[in-house]
$ cat input-v2.cif   # mmCIF, C-alpha atoms
data_target
#
loop_
_atom_site.label_atom_id
_atom_site.label_comp_id
_atom_site.auth_asym_id
_atom_site.auth_seq_id
_atom_site.Cartn_x
_atom_site.Cartn_y
_atom_site.Cartn_z
CA MET D 1 128.91 115.08 36.11
CA SER D 2 127.93 112.64 38.81
CA THR D 3 127.63 113.92 42.34
CA SER D 4 126.14 111.25 44.51
CA VAL D 5 125.00 112.50 47.88
CA LEU D 6 125.22 110.39 50.97
CA ALA D 7 122.58 111.74 53.29
CA VAL D 8 123.65 112.02 56.92
CA GLU D 9 121.45 113.09 59.80
CA GLY D 10 121.99 116.74 60.62
CA GLY D 11 124.79 117.18 58.05
CA GLU D 12 124.67 118.38 54.51
CA GLY D 13 125.87 115.03 53.23
CA PHE D 14 129.09 114.13 51.51
CA VAL D 15 129.45 115.23 47.92
CA SER D 16 131.82 112.81 46.26
CA PRO D 17 134.35 114.29 43.84
CA GLY D 18 133.64 113.83 40.15
CA PRO D 19 134.96 115.08 36.82
CA SER D 20 134.23 118.62 38.02
CA THR D 21 137.26 118.21 40.30
CA PHE D 22 139.41 118.61 37.22
CA VAL D 23 137.90 121.87 36.05
CA TYR D 24 139.72 124.90 37.38
CA PRO D 25 138.57 128.50 37.00
CA PRO D 26 141.13 131.03 35.71
CA ILE D 27 143.48 132.06 38.52
CA PHE D 28 143.09 135.80 37.98
CA GLY D 29 139.31 135.77 37.65
CA GLU D 30 136.88 135.82 34.69
CA GLY D 31 138.30 136.74 31.33
CA THR D 32 141.89 135.70 32.00
CA PHE D 33 143.15 132.41 30.62
CA LEU D 34 145.74 131.09 33.06
CA THR D 35 144.49 128.08 35.02
CA LYS D 36 146.15 125.85 37.58
CA PRO D 37 147.04 123.02 35.14
CA MET D 38 148.62 125.56 32.76
CA LEU D 39 150.56 127.12 35.61
CA ILE D 40 151.82 123.66 36.61
CA VAL D 41 153.00 123.01 33.07
CA ILE D 42 154.76 126.38 32.81
CA LEU D 43 156.44 126.18 36.22
CA GLY D 44 157.26 122.47 35.77
CA SER D 45 158.90 123.08 32.40
CA ALA D 46 160.89 125.97 33.86
CA LEU D 47 161.95 123.74 36.75
CA ILE D 48 163.21 121.01 34.40
CA ALA D 49 165.08 123.59 32.32
CA VAL D 50 166.77 125.13 35.36
CA LEU D 51 167.70 121.76 36.88
CA MET D 52 169.10 120.48 33.59
CA PHE D 53 171.02 123.70 33.11
CA LEU D 54 172.51 123.42 36.60
CA ALA D 55 173.32 119.75 36.03
CA THR D 56 175.18 120.34 32.76
CA ARG D 57 176.84 123.64 33.64
CA ARG D 58 180.51 123.15 34.35
CA ALA D 59 180.30 119.52 33.26
CA SER D 60 183.53 117.74 34.07
CA VAL D 61 185.00 114.26 33.82
CA VAL D 62 184.61 113.82 37.54
CA PRO D 63 180.93 114.74 37.89
CA SER D 64 179.49 116.83 40.68
CA LYS D 65 176.45 115.49 42.50
CA GLY D 66 174.02 117.41 40.28
CA GLN D 67 175.78 116.40 37.11
CA PHE D 68 175.74 112.77 38.25
CA VAL D 69 171.98 112.78 38.87
CA GLY D 70 171.25 114.54 35.59
CA GLU D 71 173.45 112.15 33.63
CA SER D 72 171.96 109.13 35.37
CA LEU D 73 168.45 110.17 34.38
CA TYR D 74 169.49 110.96 30.82
CA GLY D 75 171.45 107.70 30.72
CA PHE D 76 168.36 105.82 31.85
CA VAL D 77 166.35 107.14 28.91
CA ARG D 78 169.22 106.43 26.54
CA ASN D 79 170.00 102.89 27.70
CA SER D 80 166.65 101.56 28.90
CA ILE D 81 164.43 103.22 26.32
CA ALA D 82 166.26 104.37 23.19
CA LEU D 83 168.92 101.67 22.85
CA ASP D 84 166.61 98.89 24.04
CA ALA D 85 163.68 99.75 21.82
CA ILE D 86 165.42 101.10 18.72
CA GLY D 87 169.01 99.90 18.92
CA LYS D 88 172.06 101.85 17.76
CA PRO D 89 170.14 104.21 15.42
CA GLY D 90 168.14 105.18 18.50
CA MET D 91 170.94 107.46 19.74
CA LYS D 92 169.66 110.13 17.36
CA TYR D 93 166.28 110.26 19.06
CA VAL D 94 167.43 110.30 22.68
CA PRO D 95 167.02 114.10 23.03
CA TYR D 96 163.35 113.90 22.02
CA LEU D 97 162.66 110.84 24.14
CA ALA D 98 164.42 112.32 27.17
CA THR D 99 162.44 115.55 26.80
CA VAL D 100 159.15 113.65 26.66
CA PHE D 101 160.11 111.47 29.62
CA PHE D 102 161.23 114.35 31.86
CA PHE D 103 158.21 116.45 30.92
CA LEU D 104 155.70 113.67 31.56
CA ALA D 105 157.39 112.49 34.74
CA THR D 106 157.32 116.04 36.14
CA MET D 107 153.71 116.72 35.13
CA ASN D 108 152.57 113.37 36.53
CA ILE D 109 154.48 113.69 39.78
CA ALA D 110 152.88 117.11 40.29
CA GLY D 111 149.87 115.02 41.35
CA ILE D 112 151.52 113.99 44.61
CA VAL D 113 153.68 117.04 45.31
CA PRO D 114 152.25 118.69 48.45
CA LEU D 115 150.36 121.96 47.75
CA VAL D 116 150.46 121.39 43.97
CA GLN D 117 148.66 118.05 44.03
CA PHE D 118 147.31 118.02 40.54
CA PRO D 119 148.69 115.92 37.68
CA ALA D 120 148.60 118.31 34.73
CA THR D 121 148.55 115.31 32.38
CA SER D 122 145.08 114.37 33.62
CA ARG D 123 143.84 117.15 31.32
CA ILE D 124 143.68 115.43 27.96
CA ALA D 125 145.14 118.29 25.89
CA PHE D 126 148.71 117.82 27.17
CA PRO D 127 149.05 114.06 26.46
CA LEU D 128 147.14 114.50 23.20
CA ILE D 129 149.57 117.04 21.80
CA LEU D 130 152.55 114.92 22.84
CA ALA D 131 151.00 111.82 21.26
CA VAL D 132 150.34 113.72 18.02
CA ILE D 133 153.96 114.93 18.00
CA SER D 134 155.19 111.35 18.52
CA CYS D 135 152.87 110.16 15.76
CA VAL D 136 154.13 112.79 13.30
CA ILE D 137 157.73 111.96 14.21
CA PHE D 138 157.55 108.21 13.74
CA ASN D 139 155.60 108.53 10.49
CA ALA D 140 158.04 111.13 9.19
CA ILE D 141 160.95 108.86 10.08
CA GLY D 142 159.30 105.92 8.33
CA ILE D 143 158.59 107.98 5.21
CA LYS D 144 162.12 109.32 5.17
CA ARG D 145 163.55 105.83 5.57
CA HIS D 146 161.37 103.91 3.09
CA GLY D 147 159.94 106.64 0.86
CA LEU D 148 156.27 107.63 0.91
CA GLY D 149 155.05 104.68 -1.16
CA GLY D 150 157.37 102.17 0.44
CA TYR D 151 156.39 103.15 3.96
CA PHE D 152 152.66 102.83 3.37
CA LYS D 153 153.15 99.68 1.32
CA ASP D 154 155.07 98.08 4.20
CA MET D 155 152.41 99.24 6.62
CA MET D 156 149.27 98.33 4.71
CA PHE D 157 150.24 95.49 2.38
CA PRO D 158 152.23 92.81 4.20
CA PRO D 159 153.40 90.21 1.68
CA GLY D 160 151.87 86.74 1.60
CA ILE D 161 148.17 87.54 1.48
CA PRO D 162 146.00 86.97 -1.62
CA TRP D 163 145.26 90.42 -3.07
CA PRO D 164 141.44 90.57 -2.59
CA VAL D 165 141.97 90.27 1.17
CA TYR D 166 143.94 93.54 1.14
CA ILE D 167 140.66 95.38 0.60
CA LEU D 168 139.62 94.09 3.99
CA LEU D 169 142.95 94.47 5.79
CA ALA D 170 144.65 97.59 4.43
CA PRO D 171 142.22 100.08 6.03
CA ILE D 172 142.61 98.29 9.38
CA GLU D 173 146.41 98.55 9.26
CA PHE D 174 146.21 102.19 8.27
CA VAL D 175 143.79 103.14 11.04
CA SER D 176 145.67 101.13 13.65
CA THR D 177 148.94 102.88 12.86
CA ILE D 178 147.84 106.44 12.15
CA ILE D 179 144.87 106.86 14.49
CA ILE D 180 144.77 104.14 17.13
CA ARG D 181 148.42 104.48 18.17
CA PRO D 182 148.33 108.16 19.21
CA LEU D 183 144.84 107.68 20.60
CA THR D 184 145.87 104.82 22.90
CA LEU D 185 148.99 106.75 23.95
CA THR D 186 146.76 109.67 24.93
CA LEU D 187 144.01 107.72 26.66
CA ARG D 188 146.33 105.39 28.60
CA LEU D 189 148.20 108.31 30.14
CA THR D 190 145.28 110.68 30.65
CA PHE D 191 142.97 108.25 32.37
CA ASN D 192 145.64 106.67 34.52
CA MET D 193 146.31 110.16 35.88
CA PHE D 194 142.60 111.03 35.98
CA ALA D 195 141.61 107.92 37.93
CA GLY D 196 144.58 108.13 40.26
CA HIS D 197 143.88 111.74 41.16
CA LEU D 198 140.18 111.03 41.66
CA VAL D 199 140.90 108.16 44.06
CA LEU D 200 143.32 110.30 46.09
CA VAL D 201 140.85 113.19 46.29
CA LEU D 202 138.09 110.81 47.32
CA PHE D 203 140.13 109.24 50.11
CA ILE D 204 141.37 112.55 51.48
CA LEU D 205 138.08 114.48 51.28
CA GLY D 206 136.15 111.43 52.48
CA GLY D 207 138.48 110.94 55.42
CA GLU D 208 138.25 114.60 56.33
CA TYR D 209 134.46 114.48 56.12
CA LEU D 210 134.26 111.36 58.28
CA ILE D 211 136.48 112.84 60.97
CA PHE D 212 135.14 116.39 61.15
CA GLU D 213 131.52 116.15 59.97
CA TYR D 214 130.33 112.62 60.68
CA SER D 215 132.54 112.39 63.77
CA GLY D 216 131.66 110.06 66.66
CA VAL D 217 133.82 107.01 67.34
CA VAL D 218 132.87 105.33 64.06
CA GLY D 219 133.49 108.42 61.98
CA ILE D 220 136.86 109.21 63.48
CA ALA D 221 138.02 105.58 63.26
CA ALA D 222 136.88 105.19 59.64
CA GLY D 223 138.24 108.61 58.74
CA THR D 224 141.64 107.78 60.20
CA VAL D 225 141.75 104.59 58.17
CA ALA D 226 140.85 106.57 55.04
CA ILE D 227 143.58 109.15 55.65
CA LEU D 228 146.16 106.43 56.30
CA GLY D 229 144.95 104.69 53.17
CA SER D 230 145.45 107.90 51.21
CA LEU D 231 149.11 107.92 52.28
CA ILE D 232 149.62 104.41 50.94
CA LEU D 233 147.74 105.32 47.78
CA THR D 234 149.94 108.40 47.35
CA ALA D 235 153.01 106.18 47.30
CA PHE D 236 151.32 103.83 44.86
CA GLU D 237 150.23 106.78 42.73
CA GLY D 238 153.82 108.01 42.57
CA PHE D 239 154.81 104.63 41.18
CA VAL D 240 152.02 104.70 38.59
CA GLN D 241 152.97 108.25 37.55
CA LEU D 242 156.58 107.32 36.85
CA LEU D 243 155.53 104.09 35.17
CA GLN D 244 153.13 105.87 32.83
CA ALA D 245 155.77 108.42 31.85
CA TYR D 246 158.06 105.48 31.09
CA VAL D 247 155.41 103.57 29.11
CA PHE D 248 154.54 106.61 26.99
CA THR D 249 158.20 107.22 26.16
CA LEU D 250 158.93 103.54 25.56
CA LEU D 251 156.01 103.17 23.15
CA SER D 252 157.06 106.30 21.26
CA ALA D 253 160.52 104.74 20.95
CA LEU D 254 159.09 101.40 19.83
CA TYR D 255 157.03 103.12 17.14
CA ILE D 256 160.13 104.94 15.92
CA GLY D 257 161.99 101.62 15.95
CA GLY D 258 159.18 100.00 13.97
CA ALA D 259 159.26 102.79 11.39
CA LEU D 260 163.02 102.36 10.98
CA ALA D 261 162.89 98.57 10.69
CA ASP D 262 163.25 97.06 7.24
CA GLU D 263 160.22 94.86 7.56
CA HIS D 264 157.16 95.48 9.68
CA MET E 1 178.16 112.26 28.56
CA PRO E 2 178.41 109.06 30.61
CA PRO E 3 180.18 106.25 28.77
CA VAL E 4 178.17 104.00 26.48
CA PRO E 5 177.58 100.72 28.34
CA PRO E 6 179.63 97.69 27.25
CA ASP E 7 177.99 95.71 24.49
CA ASP E 8 176.64 92.74 26.42
CA SER E 9 174.76 91.26 23.50
CA SER E 10 173.08 88.28 25.19
CA ASP E 11 171.56 90.55 27.84
CA ASP E 12 170.58 93.07 25.17
CA ASP E 13 168.90 90.36 23.12
CA ALA E 14 166.82 89.22 26.07
CA LYS E 15 165.80 92.80 26.79
CA ALA E 16 164.99 93.52 23.16
CA LEU E 17 162.81 90.41 23.10
CA GLY E 18 160.92 91.65 26.15
CA ARG E 19 160.37 95.06 24.52
CA LYS E 20 159.18 93.38 21.36
CA GLY E 21 156.67 91.39 23.42
CA GLU E 22 155.31 94.59 24.91
CA ALA E 23 155.08 96.30 21.53
CA ASP E 24 153.38 93.25 20.03
CA ALA E 25 150.80 93.15 22.81
CA TYR E 26 149.79 96.77 22.20
CA GLY E 27 149.99 96.28 18.45
CA ALA E 28 147.63 93.30 18.57
CA LEU E 29 145.14 95.22 20.70
CA GLY E 30 145.32 98.13 18.25
CA LEU E 31 144.62 95.86 15.29
CA VAL E 32 141.51 94.31 16.84
CA ILE E 33 140.18 97.74 17.87
CA SER E 34 140.82 99.23 14.42
CA GLY E 35 139.23 96.24 12.70
CA VAL E 36 136.02 96.71 14.66
CA LEU E 37 136.14 100.50 14.20
CA VAL E 38 136.78 100.51 10.45
CA TRP E 39 134.38 97.83 9.28
CA GLY E 40 131.85 98.47 12.04
CA GLY E 41 131.92 102.10 10.89
CA VAL E 42 131.42 101.11 7.26
CA GLY E 43 128.59 98.82 8.32
CA PHE E 44 127.01 101.67 10.28
CA LEU E 45 127.14 104.00 7.27
CA VAL E 46 125.63 101.34 5.01
CA SER E 47 122.90 100.69 7.59
CA GLU E 48 122.05 104.38 7.78
CA ARG E 49 121.93 104.56 4.01
CA LEU E 50 119.78 101.47 3.48
CA ASP E 51 117.79 101.84 6.69
CA ASN E 52 118.59 98.29 7.67
CA PRO E 53 120.45 97.68 10.94
CA VAL E 54 121.77 94.28 9.94
CA PHE E 55 124.81 95.82 8.24
CA VAL E 56 126.20 97.23 11.49
CA MET E 57 126.24 93.69 12.82
CA LEU E 58 127.83 92.30 9.68
CA GLY E 59 130.43 95.07 9.67
CA LEU E 60 131.34 94.53 13.32
CA LEU E 61 131.74 90.79 12.84
CA LEU E 62 133.69 91.22 9.62
CA GLY E 63 135.98 93.79 11.25
CA MET E 64 136.55 91.65 14.30
CA GLY E 65 137.34 88.64 12.14
CA ALA E 66 139.69 90.64 9.90
CA GLY E 67 141.40 92.19 12.94
CA LEU E 68 141.93 88.80 14.56
CA TYR E 69 143.22 87.40 11.28
CA LEU E 70 145.74 90.26 11.10
CA VAL E 71 146.84 89.59 14.67
CA TRP E 72 147.47 85.98 13.72
CA PHE E 73 149.17 86.99 10.47
CA ARG E 74 151.49 89.53 12.10
CA TYR E 75 152.23 87.91 15.42
CA GLY E 76 150.87 84.37 15.58
CA ARG E 77 152.48 82.45 12.74
CA GLN E 78 155.48 80.20 13.23
CA GLN E 79 158.31 82.20 11.70
#

$ encode --input "input-v2.cif" --output "structure tokens"
Amino acid sequence: MSTSVLAVEGGEGFVSPGPSTFVYPPIFGEGTFLTKPMLIVILGSALIAVLMFLATRRASVVPSKGQFVGESLYGFVRNSIALDAIGKPGMKYVPYLATVFFFLATMNIAGIVPLVQFPATSRIAFPLILAVISCVIFNAIGIKRHGLGGYFKDMMFPPGIPWPVYILLAPIEFVSTIIIRPLTLTLRLTFNMFAGHLVLVLFILGGEYLIFEYSGVVGIAAGTVAILGSLILTAFEGFVQLLQAYVFTLLSALYIGGALADEH
Amino acid sequence: MPPVPPDDSSDDDAKALGRKGEADAYGALGLVISGVLVWGGVGFLVSERLDNPVFVMLGLLLGMGAGLYLVWFRYGRQQ
């Protein structure tokens, strides 16, 4: 945990936010387990469920406003992710992909929602579990499609290489598919959220410190710039959060598409 | 359910090609990383066993070479 201290005359100095920013104590005191990130996940999931229920209730040919928005979002996942990455067989996996996309988008966006302001996905456990689920799914699909031997043969022994070289290459293919894929899914999402949240916290706390503690003309001017900067960064962060939800879902779809394909 | 979009195949092909490019980029990165991890790891174990650090180096280089070869084999050849 790095806490660099900028000494200022008369003040206590500014303690810059570090990884400790992401550690929350249990809400109801020692011994209980519920923390803020968990609460965000629970409430966020409930929110998605309620909104989706409201959007699909009384579905009609001429959609209401809610139904239209819900169907547009679902249609986006279906057309831009499932059909693009997998093709026609992708229709089967749209429910999973849509669930992942809505879940991640909500948990990421929680990072810029006023008062919540914490992306639950910056805690590695949530992306990790989702990545493991995606990994199990695309491997299961591949095994079901090609048979256990056929799937691993396609993966590890591409035709056209003299056999002694397989000793060198097969383990690499195996590790890259089974371990590196979920790992990169997890790390890409987690640390995009982690870094984004850290930058926002730094700008806001730093700006506040400059204005109220450092004060003076310089402090207030620099602090104002920092606060304004944090607004711009919040907008940018919102973009990154949606993009990362999209990338995670798209890659899951591409892996499923790869497992379904006849030749790797 | 909103209607399935009309089958505009030329547009779909272009999009699919773009997606494939993305997937290939991540796939290539994964291969190089796994190459270094697998054979660097083997080299590390051998080095520990024989008390000679040179095998880590050999393993890393071998893994990097094998990973790059796989990238070329999977994505770089003229089809």

$ interface_residues --input "input-v2.cif" --of "chain E" --to "chain D" --cutoff "6 Å" --atoms "only C-alpha atoms" --output "PyMOL selection string"
chain E and resi 16+30-31+34-35

$ write_last_selection --input "input-v2.cif" --atoms "C-alpha atoms" --output "mmCIF file, in the frame of the given file"
data_model
loop_
_atom_site.group_PDB
_atom_site.id
_atom_site.type_symbol
_atom_site.label_atom_id
_atom_site.label_comp_id
_atom_site.auth_asym_id
_atom_site.auth_seq_id
_atom_site.Cartn_x
_atom_site.Cartn_y
_atom_site.Cartn_z
ATOM 1 C CA ALA E 16 164.990 93.520 23.160
ATOM 2 C CA GLY E 30 145.320 98.130 18.250
ATOM 3 C CA LEU E 31 144.620 95.860 15.290
ATOM 4 C CA SER E 34 140.820 99.230 14.420
ATOM 5 C CA GLY E 35 139.230 96.240 12.700
#

$ closest_residue --input "input-v2.cif" --among "D:Gly147, D:Leu189, D:Gly196, D:Pro162" --to "D:Ala131" --atoms "only C-alpha atoms"
D:Leu189

$ resolve_selection --input "input-v2.cif" --expression "the PyMOL selection byres ((chain E and resi 55) around 10)" --output "MDAnalysis selection string"
chainID E and resid 39:48 50:54 56:61

$ atom_distance --input "input-v2.cif" --atom1 "atom CA of D:Leu39" --atom2 "atom CA of D:Pro114"
15.5 Å

$ residues_around --input "input-v2.cif" --residues "D:Leu200" --least-positions-apart "5" --cutoff "8 Å" --atoms "only C-alpha atoms" --output "list in words"
Ser230, Leu233 and Thr234 of chain D

$ atom_distance --input "input-v2.cif" --atom1 "atom CA of D:Ala253" --atom2 "atom CA of D:Phe236"
25.6 Å

$ residues_around --input "input-v2.cif" --residues "D:Val201" --least-positions-apart "3" --cutoff "12 Å" --atoms "only C-alpha atoms" --output "PyMOL selection string"
chain D and resi 15-22+111-112+117-119+194-198+204-209+226-227+229-231+233-234+237

$ atom_distance --input "input-v2.cif" --atom1 "atom CA of D:Gln241" --atom2 "atom CA of D:Thr106"
9.0 Å

$ axis_aligned_box --input "input-v2.cif" --around "stretch 78-96 of chain D" --padding-each-side "3 Å" --output "AutoDock Vina command-line options"
--center_x 167.7 --center_y 106.5 --center_z 22.2 --size_x 14.7 --size_y 21.2 --size_z 19.5

$ closest_residue --input "input-v2.cif" --among "E:Ile33, E:Ala23, E:Ala28, E:Val38" --to "E:Trp72" --atoms "all atoms listed in the file"
E:Ala28

$ closest_residue --input "input-v2.cif" --among "D:Ser45, D:Asn192, D:Thr32, D:Asn139" --to "D:Val100" --atoms "all atoms listed in the file"
D:Ser45

$ closest_residue --input "input-v2.cif" --among "D:Gly142, D:Pro182, D:Gly31, D:Gly219" --to "D:Ile129" --atoms "all atoms listed in the file"
D:Pro182

$ decode --input "input-v2.cif" --residues "stretch 47-78 of chain E" --atoms "C-alpha atoms" --output "short mmCIF file (atom, residue, chain, number, x, y, z; two decimals), in the first residue's frame"
data_model
loop_
_atom_site.label_atom_id
_atom_site.label_comp_id
_atom_site.auth_asym_id
_atom_site.auth_seq_id
_atom_site.Cartn_x
_atom_site.Cartn_y
_atom_site.Cartn_z
CA SER E 47 17.13 -24.41 -12.94
CA GLU E 48 15.93 -24.95 -9.37
CA ARG E 49 16.56 -28.66 -9.72
CA LEU E 50 20.04 -28.38 -11.21
CA ASP E 51 20.99 -25.21 -9.37
CA ASN E 52 21.98 -23.56 -12.62
CA PRO E 53 20.18 -20.35 -13.64
CA VAL E 54 20.98 -20.69 -17.32
CA PHE E 55 17.90 -22.87 -17.92
CA VAL E 56 15.48 -20.08 -17.01
CA MET E 57 17.03 -18.04 -19.78
CA LEU E 58 16.93 -20.91 -22.24
CA GLY E 59 13.32 -21.66 -21.33
CA LEU E 60 12.22 -18.04 -21.73
CA LEU E 61 13.89 -17.74 -25.13
CA LEU E 62 12.55 -21.10 -26.28
CA GLY E 63 9.04 -20.20 -25.13
CA MET E 64 9.15 -16.81 -26.77
CA GLY E 65 10.38 -18.33 -30.01
CA ALA E 66 7.75 -21.08 -29.93
CA GLY E 67 5.00 -18.55 -29.11
CA LEU E 68 6.03 -16.28 -31.98
CA TYR E 69 6.20 -19.27 -34.31
CA LEU E 70 2.64 -20.21 -33.30
CA VAL E 71 1.47 -16.65 -33.93
CA TRP E 72 2.94 -16.85 -37.41
CA PHE E 73 1.53 -20.34 -37.95
CA ARG E 74 -1.99 -19.43 -36.84
CA TYR E 75 -2.34 -15.89 -38.10
CA GLY E 76 0.60 -14.91 -40.30
CA ARG E 77 0.69 -17.38 -43.17
CA GLN E 78 -0.77 -16.61 -46.57
#
